[in-house]
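model.cif (mmCIF, C-alpha atoms; chains and numbers go by the auth columns) appears below.
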```cif
data_query
loop_
_atom_site.group_PDB
_atom_site.id
_atom_site.type_symbol
_atom_site.label_atom_id
_atom_site.label_comp_id
_atom_site.label_asym_id
_atom_site.label_seq_id
_atom_site.Cartn_x
_atom_site.Cartn_y
_atom_site.Cartn_z
_atom_site.B_iso_or_equiv
_atom_site.auth_seq_id
_atom_site.auth_asym_id
ATOM 1 C CA MET A 1 0.000 0.000 0.000 0.00 166 A
ATOM 2 C CA ARG A 2 1.290 3.441 -0.846 0.00 167 A
ATOM 3 C CA GLN A 3 2.670 5.471 2.043 0.00 168 A
ATOM 4 C CA ASN A 4 0.576 8.561 1.285 0.00 169 A
ATOM 5 C CA GLN A 5 -2.596 6.482 1.634 0.00 170 A
ATOM 6 C CA VAL A 6 -1.551 5.480 5.141 0.00 171 A
ATOM 7 C CA GLN A 7 -0.618 9.033 6.107 0.00 172 A
ATOM 8 C CA LYS A 8 -3.917 10.419 4.850 0.00 173 A
ATOM 9 C CA SER A 9 -5.912 7.866 6.839 0.00 174 A
ATOM 10 C CA THR A 10 -3.731 8.255 9.933 0.00 175 A
ATOM 11 C CA GLU A 11 -4.202 12.014 9.982 0.00 176 A
ATOM 12 C CA ASN A 12 -7.994 11.719 9.786 0.00 177 A
ATOM 13 C CA ARG A 13 -9.392 9.565 12.579 0.00 178 A
ATOM 14 C CA GLU A 14 -12.828 11.063 11.914 0.00 179 A
ATOM 15 C CA ALA A 15 -13.107 9.275 8.548 0.00 180 A
ATOM 16 C CA ALA A 16 -16.514 9.556 6.928 0.00 181 A
ATOM 17 C CA PHE A 17 -18.940 6.649 6.854 0.00 182 A
ATOM 18 C CA ARG A 18 -19.286 5.054 3.420 0.00 183 A
ATOM 19 C CA HIS A 19 -21.889 3.006 1.597 0.00 184 A
ATOM 20 C CA GLU A 20 -21.116 -0.677 1.134 0.00 185 A
ATOM 21 C CA TRP A 21 -22.546 -3.563 -0.858 0.00 186 A
ATOM 22 C CA LYS A 22 -21.469 -7.169 -0.391 0.00 187 A
ATOM 23 C CA HIS A 23 -22.431 -10.050 -2.671 0.00 188 A
ATOM 24 C CA MET A 24 -21.482 -13.721 -2.614 0.00 189 A
ATOM 25 C CA VAL A 25 -20.701 -14.795 -6.185 0.00 190 A
ATOM 26 C CA GLY A 26 -19.262 -17.828 -7.979 0.00 191 A
ATOM 27 C CA TYR A 27 -15.971 -18.332 -9.780 0.00 192 A
ATOM 28 C CA GLY A 28 -17.647 -17.864 -13.175 0.00 193 A
ATOM 29 C CA ASP A 29 -18.987 -14.518 -11.938 0.00 194 A
ATOM 30 C CA LEU A 30 -15.447 -13.593 -10.853 0.00 195 A
ATOM 31 C CA LEU A 31 -14.165 -14.042 -14.398 0.00 196 A
ATOM 32 C CA ALA A 32 -17.013 -11.996 -15.870 0.00 197 A
ATOM 33 C CA LEU A 33 -16.677 -9.230 -13.276 0.00 198 A
ATOM 34 C CA ARG A 34 -12.911 -9.033 -13.802 0.00 199 A
ATOM 35 C CA SER A 35 -13.457 -8.430 -17.502 0.00 200 A
ATOM 36 C CA ARG A 36 -16.195 -5.827 -17.020 0.00 201 A
ATOM 37 C CA LEU A 37 -14.478 -3.924 -14.202 0.00 202 A
ATOM 38 C CA THR A 38 -11.242 -3.412 -16.129 0.00 203 A
ATOM 39 C CA ALA A 39 -13.289 -1.629 -18.808 0.00 204 A
ATOM 40 C CA VAL A 40 -14.618 1.080 -16.485 0.00 205 A
ATOM 41 C CA MET A 41 -12.230 1.247 -13.510 0.00 206 A
ATOM 42 C CA ALA A 42 -8.488 1.373 -12.833 0.00 207 A
ATOM 43 C CA GLN A 43 -6.749 -1.554 -11.147 0.00 208 A
ATOM 44 C CA ASP A 44 -5.373 -0.851 -7.691 0.00 209 A
ATOM 45 C CA SER A 45 -1.763 0.227 -8.211 0.00 210 A
ATOM 46 C CA HIS A 46 -0.293 -1.536 -5.163 0.00 211 A
ATOM 47 C CA GLY A 47 -1.110 -5.000 -6.442 0.00 212 A
ATOM 48 C CA VAL A 48 0.405 -7.114 -9.203 0.00 213 A
ATOM 49 C CA ASN A 49 -2.116 -6.719 -12.023 0.00 214 A
ATOM 50 C CA GLY A 50 -4.446 -5.411 -9.330 0.00 215 A
ATOM 51 C CA ARG A 51 -4.107 -8.580 -7.241 0.00 216 A
ATOM 52 C CA TYR A 52 -2.469 -9.035 -3.840 0.00 217 A
ATOM 53 C CA ALA A 53 -2.447 -11.226 -0.759 0.00 218 A
ATOM 54 C CA VAL A 54 -4.014 -9.951 2.463 0.00 219 A
ATOM 55 C CA ARG A 55 -3.258 -11.288 5.939 0.00 220 A
ATOM 56 C CA SER A 56 -5.167 -10.002 8.973 0.00 221 A
ATOM 57 C CA LEU A 57 -5.158 -10.767 12.680 0.00 222 A
ATOM 58 C CA TYR A 58 -8.604 -10.141 14.178 0.00 223 A
ATOM 59 C CA PHE A 59 -9.324 -9.326 17.818 0.00 224 A
ATOM 60 C CA ASP A 60 -12.295 -10.411 19.913 0.00 225 A
ATOM 61 C CA ASN A 61 -13.065 -10.981 23.580 0.00 226 A
ATOM 62 C CA LEU A 62 -13.688 -14.243 25.430 0.00 227 A
ATOM 63 C CA ARG A 63 -17.434 -13.934 24.799 0.00 228 A
ATOM 64 C CA ASP A 64 -16.837 -13.476 21.056 0.00 229 A
ATOM 65 C CA LYS A 65 -18.531 -10.082 21.123 0.00 230 A
ATOM 66 C CA ALA A 66 -17.468 -9.038 17.603 0.00 231 A
ATOM 67 C CA LEU A 67 -18.487 -12.393 16.141 0.00 232 A
ATOM 68 C CA ARG A 68 -21.851 -12.544 17.905 0.00 233 A
ATOM 69 C CA GLU A 69 -22.744 -8.947 17.026 0.00 234 A
ATOM 70 C CA LYS A 70 -21.986 -9.709 13.383 0.00 235 A
ATOM 71 C CA LEU A 71 -24.052 -12.892 13.329 0.00 236 A
ATOM 72 C CA ASP A 72 -26.921 -11.204 15.204 0.00 237 A
ATOM 73 C CA GLY A 73 -26.917 -8.216 12.830 0.00 238 A
ATOM 74 C CA VAL A 74 -26.307 -5.626 15.560 0.00 239 A
ATOM 75 C CA ASP A 75 -26.730 -2.217 13.944 0.00 240 A
ATOM 76 C CA CYS A 76 -23.828 -0.471 15.695 0.00 241 A
ATOM 77 C CA ARG A 77 -20.656 -2.543 16.017 0.00 242 A
ATOM 78 C CA GLU A 78 -16.891 -2.461 15.608 0.00 243 A
ATOM 79 C CA LYS A 79 -13.908 -4.758 15.233 0.00 244 A
ATOM 80 C CA PHE A 80 -10.134 -4.355 15.318 0.00 245 A
ATOM 81 C CA ARG A 81 -7.534 -6.037 13.139 0.00 246 A
ATOM 82 C CA VAL A 82 -3.877 -5.739 12.191 0.00 247 A
ATOM 83 C CA ARG A 83 -2.981 -6.499 8.577 0.00 248 A
ATOM 84 C CA TYR A 84 -0.283 -6.488 5.953 0.00 249 A
ATOM 85 C CA TYR A 85 -0.051 -7.206 2.256 0.00 250 A
ATOM 86 C CA ASN A 86 1.978 -9.598 0.110 0.00 251 A
ATOM 87 C CA GLY A 87 4.048 -10.804 3.065 0.00 252 A
ATOM 88 C CA ASP A 88 5.571 -7.328 3.508 0.00 253 A
ATOM 89 C CA LEU A 89 6.189 -6.743 7.231 0.00 254 A
ATOM 90 C CA SER A 90 7.525 -3.235 6.599 0.00 255 A
ATOM 91 C CA LEU A 91 3.962 -1.910 6.383 0.00 256 A
ATOM 92 C CA LEU A 92 1.745 -3.122 9.238 0.00 257 A
ATOM 93 C CA LEU A 93 -1.646 -1.461 9.632 0.00 258 A
ATOM 94 C CA LEU A 94 -3.927 -1.357 12.654 0.00 259 A
ATOM 95 C CA GLU A 95 -7.529 -0.893 11.508 0.00 260 A
ATOM 96 C CA LYS A 96 -10.828 -0.335 13.272 0.00 261 A
ATOM 97 C CA LYS A 97 -13.922 -1.156 11.207 0.00 262 A
ATOM 98 C CA SER A 98 -17.194 0.398 12.394 0.00 263 A
ATOM 99 C CA LYS A 99 -20.739 -0.216 11.155 0.00 264 A
ATOM 100 C CA LEU A 100 -23.689 2.099 11.807 0.00 265 A
ATOM 101 C CA HIS A 101 -27.109 1.991 10.116 0.00 266 A
ATOM 102 C CA GLY A 102 -25.708 -0.016 7.216 0.00 267 A
ATOM 103 C CA LEU A 103 -22.810 2.377 6.595 0.00 268 A
ATOM 104 C CA CYS A 104 -19.160 1.521 7.212 0.00 269 A
ATOM 105 C CA ARG A 105 -16.073 3.410 8.340 0.00 270 A
ATOM 106 C CA LYS A 106 -12.435 2.377 8.576 0.00 271 A
ATOM 107 C CA GLU A 107 -9.861 4.102 10.785 0.00 272 A
ATOM 108 C CA GLN A 108 -6.254 3.178 10.197 0.00 273 A
ATOM 109 C CA THR A 109 -2.756 3.784 11.510 0.00 274 A
ATOM 110 C CA GLN A 110 0.658 2.301 10.813 0.00 275 A
ATOM 111 C CA LEU A 111 2.409 0.120 13.410 0.00 276 A
ATOM 112 C CA THR A 112 6.064 -0.691 13.832 0.00 277 A
ATOM 113 C CA LEU A 113 7.035 -4.337 13.880 0.00 278 A
ATOM 114 C CA ASP A 114 7.645 -4.081 17.634 0.00 279 A
ATOM 115 C CA GLN A 115 4.184 -2.595 18.192 0.00 280 A
ATOM 116 C CA ALA A 116 2.553 -5.348 16.131 0.00 281 A
ATOM 117 C CA ARG A 117 4.418 -7.968 18.146 0.00 282 A
ATOM 118 C CA ALA A 118 3.357 -6.250 21.372 0.00 283 A
ATOM 119 C CA VAL A 119 -0.389 -6.208 20.647 0.00 284 A
ATOM 120 C CA SER A 120 -0.325 -9.754 19.281 0.00 285 A
ATOM 121 C CA SER A 121 1.347 -10.996 22.476 0.00 286 A
ATOM 122 C CA GLY A 122 -0.552 -8.812 24.968 0.00 287 A
ATOM 123 C CA GLU A 123 2.352 -6.535 25.952 0.00 288 A
ATOM 124 C CA LEU A 124 0.016 -3.582 26.354 0.00 289 A
ATOM 125 C CA ARG A 125 2.361 -1.230 28.186 0.00 290 A
ATOM 126 C CA THR A 126 4.884 -1.452 25.368 0.00 291 A
ATOM 127 C CA ALA A 127 2.271 -0.904 22.674 0.00 292 A
ATOM 128 C CA ALA A 128 0.264 1.879 24.340 0.00 293 A
ATOM 129 C CA GLY A 129 3.351 3.967 25.024 0.00 294 A
ATOM 130 C CA SER A 130 3.498 5.223 21.428 0.00 295 A
ATOM 131 C CA GLY A 131 0.810 7.866 21.994 0.00 296 A
ATOM 132 C CA ASP A 132 -1.050 6.922 18.812 0.00 297 A
ATOM 133 C CA PRO A 133 -4.808 7.382 19.513 0.00 298 A
ATOM 134 C CA LEU A 134 -6.006 4.300 17.617 0.00 299 A
ATOM 135 C CA LEU A 135 -3.331 2.041 19.097 0.00 300 A
ATOM 136 C CA TRP A 136 -4.089 3.441 22.553 0.00 301 A
ATOM 137 C CA GLU A 137 -7.805 2.665 22.022 0.00 302 A
ATOM 138 C CA LEU A 138 -7.035 -0.940 21.105 0.00 303 A
ATOM 139 C CA CYS A 139 -4.784 -1.359 24.145 0.00 304 A
ATOM 140 C CA TYR A 140 -7.414 0.236 26.404 0.00 305 A
ATOM 141 C CA LYS A 141 -10.088 -2.160 25.117 0.00 306 A
ATOM 142 C CA MET A 142 -7.728 -5.123 25.459 0.00 307 A
ATOM 143 C CA GLU A 143 -7.320 -4.089 29.099 0.00 308 A
ATOM 144 C CA THR A 144 -10.951 -3.228 29.901 0.00 309 A
ATOM 145 C CA GLN A 145 -12.981 -5.417 27.515 0.00 310 A
ATOM 146 C CA GLY A 146 -10.691 -8.420 27.270 0.00 311 A
ATOM 147 C CA LEU A 147 -9.966 -8.081 23.541 0.00 312 A
ATOM 148 C CA ARG A 148 -7.356 -10.598 22.443 0.00 313 A
ATOM 149 C CA PRO A 149 -5.892 -11.815 19.141 0.00 314 A
ATOM 150 C CA ARG A 150 -8.442 -14.353 17.933 0.00 315 A
ATOM 151 C CA ILE A 151 -7.723 -15.638 14.437 0.00 316 A
ATOM 152 C CA ILE A 152 -5.644 -15.174 11.292 0.00 317 A
ATOM 153 C CA VAL A 153 -7.571 -14.513 8.074 0.00 318 A
ATOM 154 C CA ASP A 154 -5.819 -14.854 4.700 0.00 319 A
ATOM 155 C CA TYR A 155 -7.250 -14.212 1.238 0.00 320 A
ATOM 156 C CA THR A 156 -6.461 -12.988 -2.252 0.00 321 A
ATOM 157 C CA ARG A 157 -7.914 -9.640 -3.309 0.00 322 A
ATOM 158 C CA GLU A 158 -8.421 -7.992 -6.672 0.00 323 A
ATOM 159 C CA ALA A 159 -9.193 -4.283 -6.357 0.00 324 A
ATOM 160 C CA TYR A 160 -10.482 -1.603 -8.718 0.00 325 A
ATOM 161 C CA VAL A 161 -10.801 2.131 -8.037 0.00 326 A
ATOM 162 C CA CYS A 162 -12.544 5.170 -9.487 0.00 327 A
ATOM 163 C CA GLU A 163 -12.100 8.785 -8.355 0.00 328 A
ATOM 164 C CA ALA A 164 -15.688 9.741 -9.166 0.00 329 A
ATOM 165 C CA GLY A 165 -17.629 8.879 -6.019 0.00 330 A
ATOM 166 C CA ASN A 166 -14.401 7.552 -4.434 0.00 331 A
ATOM 167 C CA VAL A 167 -15.494 4.067 -5.472 0.00 332 A
ATOM 168 C CA ARG A 168 -13.559 0.910 -4.605 0.00 333 A
ATOM 169 C CA VAL A 169 -14.620 -2.520 -5.847 0.00 334 A
ATOM 170 C CA THR A 170 -12.916 -5.651 -4.549 0.00 335 A
ATOM 171 C CA LEU A 171 -13.104 -9.350 -5.353 0.00 336 A
ATOM 172 C CA ASP A 172 -11.915 -11.524 -2.451 0.00 337 A
ATOM 173 C CA TYR A 173 -11.362 -15.277 -2.748 0.00 338 A
ATOM 174 C CA ASP A 174 -9.257 -18.210 -1.527 0.00 339 A
ATOM 175 C CA ILE A 175 -10.228 -17.309 2.043 0.00 340 A
ATOM 176 C CA ARG A 176 -8.149 -19.242 4.586 0.00 341 A
ATOM 177 C CA THR A 177 -8.114 -19.468 8.363 0.00 342 A
ATOM 178 C CA GLY A 178 -5.254 -19.834 10.804 0.00 343 A
ATOM 179 C CA LEU A 179 -7.432 -22.028 13.063 0.00 344 A
ATOM 180 C CA THR A 180 -6.218 -21.442 16.633 0.00 345 A
ATOM 181 C CA GLY A 181 -2.848 -19.944 15.668 0.00 346 A
ATOM 182 C CA THR A 182 -2.378 -16.188 16.051 0.00 347 A
ATOM 183 C CA ASP A 183 1.297 -15.766 15.119 0.00 348 A
ATOM 184 C CA PHE A 184 0.393 -13.783 12.024 0.00 349 A
ATOM 185 C CA LEU A 185 3.907 -12.338 11.690 0.00 350 A
ATOM 186 C CA ASP A 186 5.212 -15.827 10.925 0.00 351 A
ATOM 187 C CA LEU A 187 5.098 -15.923 7.127 0.00 352 A
ATOM 188 C CA ASP A 188 5.238 -19.726 7.240 0.00 353 A
ATOM 189 C CA CYS A 189 2.320 -20.275 9.623 0.00 354 A
ATOM 190 C CA VAL A 190 -0.174 -22.842 8.378 0.00 355 A
ATOM 191 C CA THR A 191 -3.620 -21.766 7.165 0.00 356 A
ATOM 192 C CA VAL A 192 -6.419 -23.931 5.751 0.00 357 A
ATOM 193 C CA PRO A 193 -9.433 -23.173 3.516 0.00 358 A
ATOM 194 C CA ALA A 194 -12.344 -21.623 5.418 0.00 359 A
ATOM 195 C CA GLY A 195 -14.868 -24.252 4.448 0.00 360 A
ATOM 196 C CA ASP A 196 -16.623 -23.535 1.161 0.00 361 A
ATOM 197 C CA ALA A 197 -16.297 -19.742 1.439 0.00 362 A
ATOM 198 C CA PRO A 198 -17.449 -18.091 -1.811 0.00 363 A
ATOM 199 C CA VAL A 199 -15.959 -15.258 -3.833 0.00 364 A
ATOM 200 C CA ILE A 200 -16.949 -11.962 -2.201 0.00 365 A
ATOM 201 C CA LEU A 201 -17.761 -8.894 -4.276 0.00 366 A
ATOM 202 C CA GLU A 202 -17.603 -5.660 -2.260 0.00 367 A
ATOM 203 C CA VAL A 203 -18.515 -2.205 -3.543 0.00 368 A
ATOM 204 C CA LYS A 204 -17.780 0.898 -1.432 0.00 369 A
ATOM 205 C CA TRP A 205 -18.500 4.516 -2.279 0.00 370 A
ATOM 206 C CA ASP A 206 -19.061 7.942 -0.746 0.00 371 A
ATOM 207 C CA ALA A 207 -21.900 10.208 -1.878 0.00 372 A
ATOM 208 C CA PHE A 208 -22.772 8.513 -5.169 0.00 373 A
ATOM 209 C CA LEU A 209 -22.088 5.391 -7.208 0.00 374 A
ATOM 210 C CA PRO A 210 -21.573 6.130 -10.935 0.00 375 A
ATOM 211 C CA SER A 211 -24.172 4.392 -13.077 0.00 376 A
ATOM 212 C CA ALA A 212 -21.538 2.715 -15.273 0.00 377 A
ATOM 213 C CA ILE A 213 -20.080 0.976 -12.223 0.00 378 A
ATOM 214 C CA ARG A 214 -23.504 0.218 -10.777 0.00 379 A
ATOM 215 C CA ASP A 215 -24.328 -1.581 -14.030 0.00 380 A
ATOM 216 C CA VAL A 216 -21.148 -3.678 -14.320 0.00 381 A
ATOM 217 C CA VAL A 217 -21.285 -5.000 -10.743 0.00 382 A
ATOM 218 C CA GLN A 218 -24.745 -6.463 -11.221 0.00 383 A
ATOM 219 C CA VAL A 219 -24.659 -10.267 -10.978 0.00 384 A
ATOM 220 C CA PRO A 220 -27.865 -12.169 -11.842 0.00 385 A
ATOM 221 C CA GLY A 221 -29.179 -14.024 -8.828 0.00 386 A
ATOM 222 C CA ALA A 222 -26.792 -12.340 -6.369 0.00 387 A
ATOM 223 C CA HIS A 223 -28.244 -10.444 -3.438 0.00 388 A
ATOM 224 C CA THR A 224 -26.814 -8.111 -0.848 0.00 389 A
ATOM 225 C CA SER A 225 -25.112 -10.245 1.810 0.00 390 A
ATOM 226 C CA ALA A 226 -23.793 -9.733 5.340 0.00 391 A
ATOM 227 C CA PHE A 227 -20.965 -12.224 4.703 0.00 392 A
ATOM 228 C CA SER A 228 -18.001 -11.802 7.048 0.00 393 A
ATOM 229 C CA LYS A 229 -14.553 -13.242 6.303 0.00 394 A
ATOM 230 C CA TYR A 230 -13.859 -13.145 10.042 0.00 395 A
ATOM 231 C CA ALA A 231 -17.001 -15.155 10.805 0.00 396 A
ATOM 232 C CA ALA A 232 -16.270 -17.600 7.973 0.00 397 A
ATOM 233 C CA CYS A 233 -12.811 -18.238 9.406 0.00 398 A
ATOM 234 C CA ARG A 234 -14.302 -19.017 12.840 0.00 399 A
ATOM 235 C CA ILE A 235 -16.127 -22.118 11.586 0.00 400 A
ATOM 236 C CA TYR A 236 -13.574 -24.404 13.251 0.00 401 A
ATOM 237 C CA GLY A 237 -13.789 -22.684 16.629 0.00 402 A
#
```

Please render this file's structure as structure tokens.
Amino acid sequence: MRQNQVQKSTENREAAFRHEWKHMVGYGDLLALRSRLTAVMAQDSHGVNGRYAVRSLYFDNLRDKALREKLDGVDCREKFRVRYYNGDLSLLLLEKKSKLHGLCRKEQTQLTLDQARAVSSGELRTAAGSGDPLLWELCYKMETQGLRPRIIVDYTREAYVCEAGNVRVTLDYDIRTGLTGTDFLDLDCVTVPAGDAPVILEVKWDAFLPSAIRDVVQVPGAHTSAFSKYAACRIYG
């Protein structure tokens, strides 16, 4: 991911809520969408041909609050994760995803390798000492709400962007789970397929979605879904 993208997000913790569609589609739909999207949108520049590997470490408490709120469709909810791309540990991102009335917001900040190790091992004093507001919030909630590293989620992503409407369309597939392991900084840690998880089409935009993009993301028979990669990767426990 480009450094200026991280800086922009880090400087603006009050990021706006965005619209989001999610659809579960098949592999044949993936091929058709890939062809149509390249005709109207630009491929994400930080991937190889728009494609890259994503690894995330998700946090939850002992009562599985984030998981249960997702499955129960709670209107106002949040979850924390740390992620990196393409096995590159030089850019580690702490993210907080919030949902409110069907809209989504993502706050983001960059972590050092030591900070990522600290939060993944529960060394809260070391991590919270940075003074970063988002990292401090995670450490505070680990201390007061019992948040802990819960599961590794791996997948491949293809991403397309459009400046008009600040639109981002992603195709996520080959979703894999780290089972009970949480050592997400170990590039050789074992992950397994998350059951029969489908291809996930996600469309995010700000004030408006251009009609050309609205048309090309239509998939016959697909409906808006609340699919969660985190929940899918918890099927084994």

Expressed in Å, the length from atom CA of A:Leu352 to atom CA of A:Arg290 is 25.8 Å

With distances taken over all atoms listed in the file, the candidate from A:Thr321, A:Ala329, A:Glu243, A:Ala362 nearest A:Ser376 is A:Ala329

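The residue that comes closest to A:Glu288, out of A:Tyr305, A:Gln275, A:Asp240, A:Tyr395 and on the basis of all atoms listed in the file, is A:Tyr305.
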
* To do: List every protein, DNA or RNA residue that has at least one atom no more than 12 Å from (-7.3, 7.3, 18.8) in the file's coordinates, counting all atoms listed in the file, and write the result as an NGL selection string.
  => :A and (175-180 or 259-261 or 272-274 or 293 or 295-306)

Please evaluate the PyMOL selection byres ((chain A and resi 213) around 12) against the displayed coordinates and give the resulting residues as a list in words. Met166, Gln208, Asp209, Ser210, His211, Gly212, Asn214, Gly215, Arg216, Tyr217, Ala218, Tyr250, Asn251, Thr321, Arg322, Glu323 and Ala324 of chain A

Can you sort out the box for stretch 377-387 of chain A, edges along x, y and z, all listed atoms in, 5 Å on every side, with centre and edge lengths in Å to one decimal, as JSON?
```
{"center_x": -24.6, "center_y": -5.7, "center_z": -10.8, "size_x": 19.1, "size_y": 26.7, "size_z": 18.9}
```

Q.
Is it possible to get the residues within 12 Å of (3.1, -20.3, 9.2) (coordinates as in the file, counting all atoms listed in the file) written as a ChimeraX atom specification?
A. /A:220,252,317,319,342-357

- Message: Just checking: using all atoms listed in the file, which residue out of A:Pro358, A:Pro314, A:Gly386, A:Gly238 ends up closest to A:His188?
- Response: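 Checking each candidate against A:His188, we get A:Gly386 as the closest.
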
Name all residues at most 10 Å from A:Val205 (count all atoms listed in the file; drop same-chain ones fewer than 5 positions away) and give them as a VMD selection string. chain A and resid 200 325 to 327 377 to 378 381

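The nearest approach to A:His388 among the residues A:Ala204, A:Met189, A:Cys241, A:Ala292, with all atoms listed in the file taken into account, belongs to A:Met189.
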
Which residues, written as a list in words, have at least one atom at most 12 Å from A:Phe373, with only C-alpha atoms counted and residues fewer than 4 positions away on the same chain left out?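 So, after excluding close chain neighbours, the residues are Arg183, His184, Glu185, Cys327, Glu328, Ala329, Gly330, Asn331, Val332, Arg333, Val368, Lys369, Ala377, Ile378 and Arg379 of chain A.
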
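Computed from the coordinates, the atom CA of A:Arg282 to atom CA of A:Lys262 distance equals 20.8 Å.
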
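Distance check against A:Ile400 using only C-alpha atoms: of A:Ala197, A:Leu268, A:Leu232, A:Leu256, the minimum falls on A:Leu232.
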
Missing atoms in stretch 244-251 of chain A: fill them in up to all heavy atoms and send the result as a compact mmCIF listing (two decimals), keeping the file's coordinate frame.
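Okay, out.txt is ready:
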```txt
# COMPACT_ATOMS: atom_id res chain seq x y z
N LYS A 244 -14.91 -3.70 15.04
CA LYS A 244 -13.91 -4.76 15.23
C LYS A 244 -12.53 -4.20 14.88
O LYS A 244 -12.40 -3.28 14.06
CB LYS A 244 -14.22 -6.01 14.41
CG LYS A 244 -14.27 -5.84 12.92
CD LYS A 244 -14.51 -7.20 12.26
CE LYS A 244 -14.63 -7.09 10.74
NZ LYS A 244 -15.99 -6.63 10.34
N PHE A 245 -11.51 -4.76 15.53
CA PHE A 245 -10.13 -4.36 15.32
C PHE A 245 -9.37 -5.47 14.61
O PHE A 245 -9.63 -6.66 14.84
CB PHE A 245 -9.44 -4.07 16.66
CG PHE A 245 -9.86 -2.79 17.32
CD1 PHE A 245 -10.98 -2.76 18.15
CD2 PHE A 245 -9.14 -1.62 17.13
CE1 PHE A 245 -11.37 -1.58 18.78
CE2 PHE A 245 -9.52 -0.44 17.75
CZ PHE A 245 -10.64 -0.42 18.58
N ARG A 246 -8.41 -5.07 13.79
CA ARG A 246 -7.53 -6.04 13.14
C ARG A 246 -6.20 -5.36 12.83
O ARG A 246 -6.12 -4.14 12.71
CB ARG A 246 -8.17 -6.56 11.86
CG ARG A 246 -8.32 -5.50 10.77
CD ARG A 246 -9.21 -5.96 9.65
NE ARG A 246 -9.36 -4.93 8.63
CZ ARG A 246 -10.39 -4.84 7.80
NH1 ARG A 246 -11.37 -5.73 7.85
NH2 ARG A 246 -10.45 -3.88 6.89
N VAL A 247 -5.17 -6.19 12.70
CA VAL A 247 -3.88 -5.74 12.19
C VAL A 247 -3.64 -6.50 10.91
O VAL A 247 -3.88 -7.72 10.85
CB VAL A 247 -2.73 -6.01 13.19
CG1 VAL A 247 -1.40 -5.52 12.63
CG2 VAL A 247 -3.02 -5.33 14.52
N ARG A 248 -3.15 -5.80 9.85
CA ARG A 248 -2.98 -6.50 8.58
C ARG A 248 -1.75 -6.02 7.83
O ARG A 248 -1.21 -4.95 8.09
CB ARG A 248 -4.22 -6.36 7.71
CG ARG A 248 -4.49 -5.02 7.11
CD ARG A 248 -5.63 -5.04 6.07
NE ARG A 248 -6.66 -6.02 6.33
CZ ARG A 248 -7.78 -6.13 5.62
NH1 ARG A 248 -8.02 -5.31 4.62
NH2 ARG A 248 -8.67 -7.05 5.92
N TYR A 249 -1.33 -6.87 6.89
CA TYR A 249 -0.28 -6.49 5.95
C TYR A 249 -0.55 -7.18 4.62
O TYR A 249 -1.43 -8.05 4.52
CB TYR A 249 1.11 -6.81 6.50
CG TYR A 249 1.39 -8.24 6.88
CD1 TYR A 249 1.91 -9.15 5.96
CD2 TYR A 249 1.15 -8.70 8.18
CE1 TYR A 249 2.19 -10.46 6.32
CE2 TYR A 249 1.43 -10.01 8.53
CZ TYR A 249 1.94 -10.88 7.60
OH TYR A 249 2.22 -12.18 7.96
N TYR A 250 0.21 -6.76 3.61
CA TYR A 250 -0.05 -7.21 2.26
C TYR A 250 1.18 -7.88 1.65
O TYR A 250 2.31 -7.43 1.84
CB TYR A 250 -0.44 -6.01 1.37
CG TYR A 250 -1.65 -5.26 1.86
CD1 TYR A 250 -1.52 -4.22 2.78
CD2 TYR A 250 -2.93 -5.58 1.43
CE1 TYR A 250 -2.62 -3.52 3.24
CE2 TYR A 250 -4.04 -4.89 1.88
CZ TYR A 250 -3.88 -3.87 2.78
OH TYR A 250 -4.98 -3.17 3.24
N ASN A 251 0.93 -8.94 0.89
CA ASN A 251 1.98 -9.60 0.11
C ASN A 251 3.19 -10.01 0.95
O ASN A 251 4.32 -9.96 0.47
CB ASN A 251 2.43 -8.69 -1.04
CG ASN A 251 1.32 -8.44 -2.05
OD1 ASN A 251 0.49 -9.31 -2.30
ND2 ASN A 251 1.29 -7.23 -2.60
```
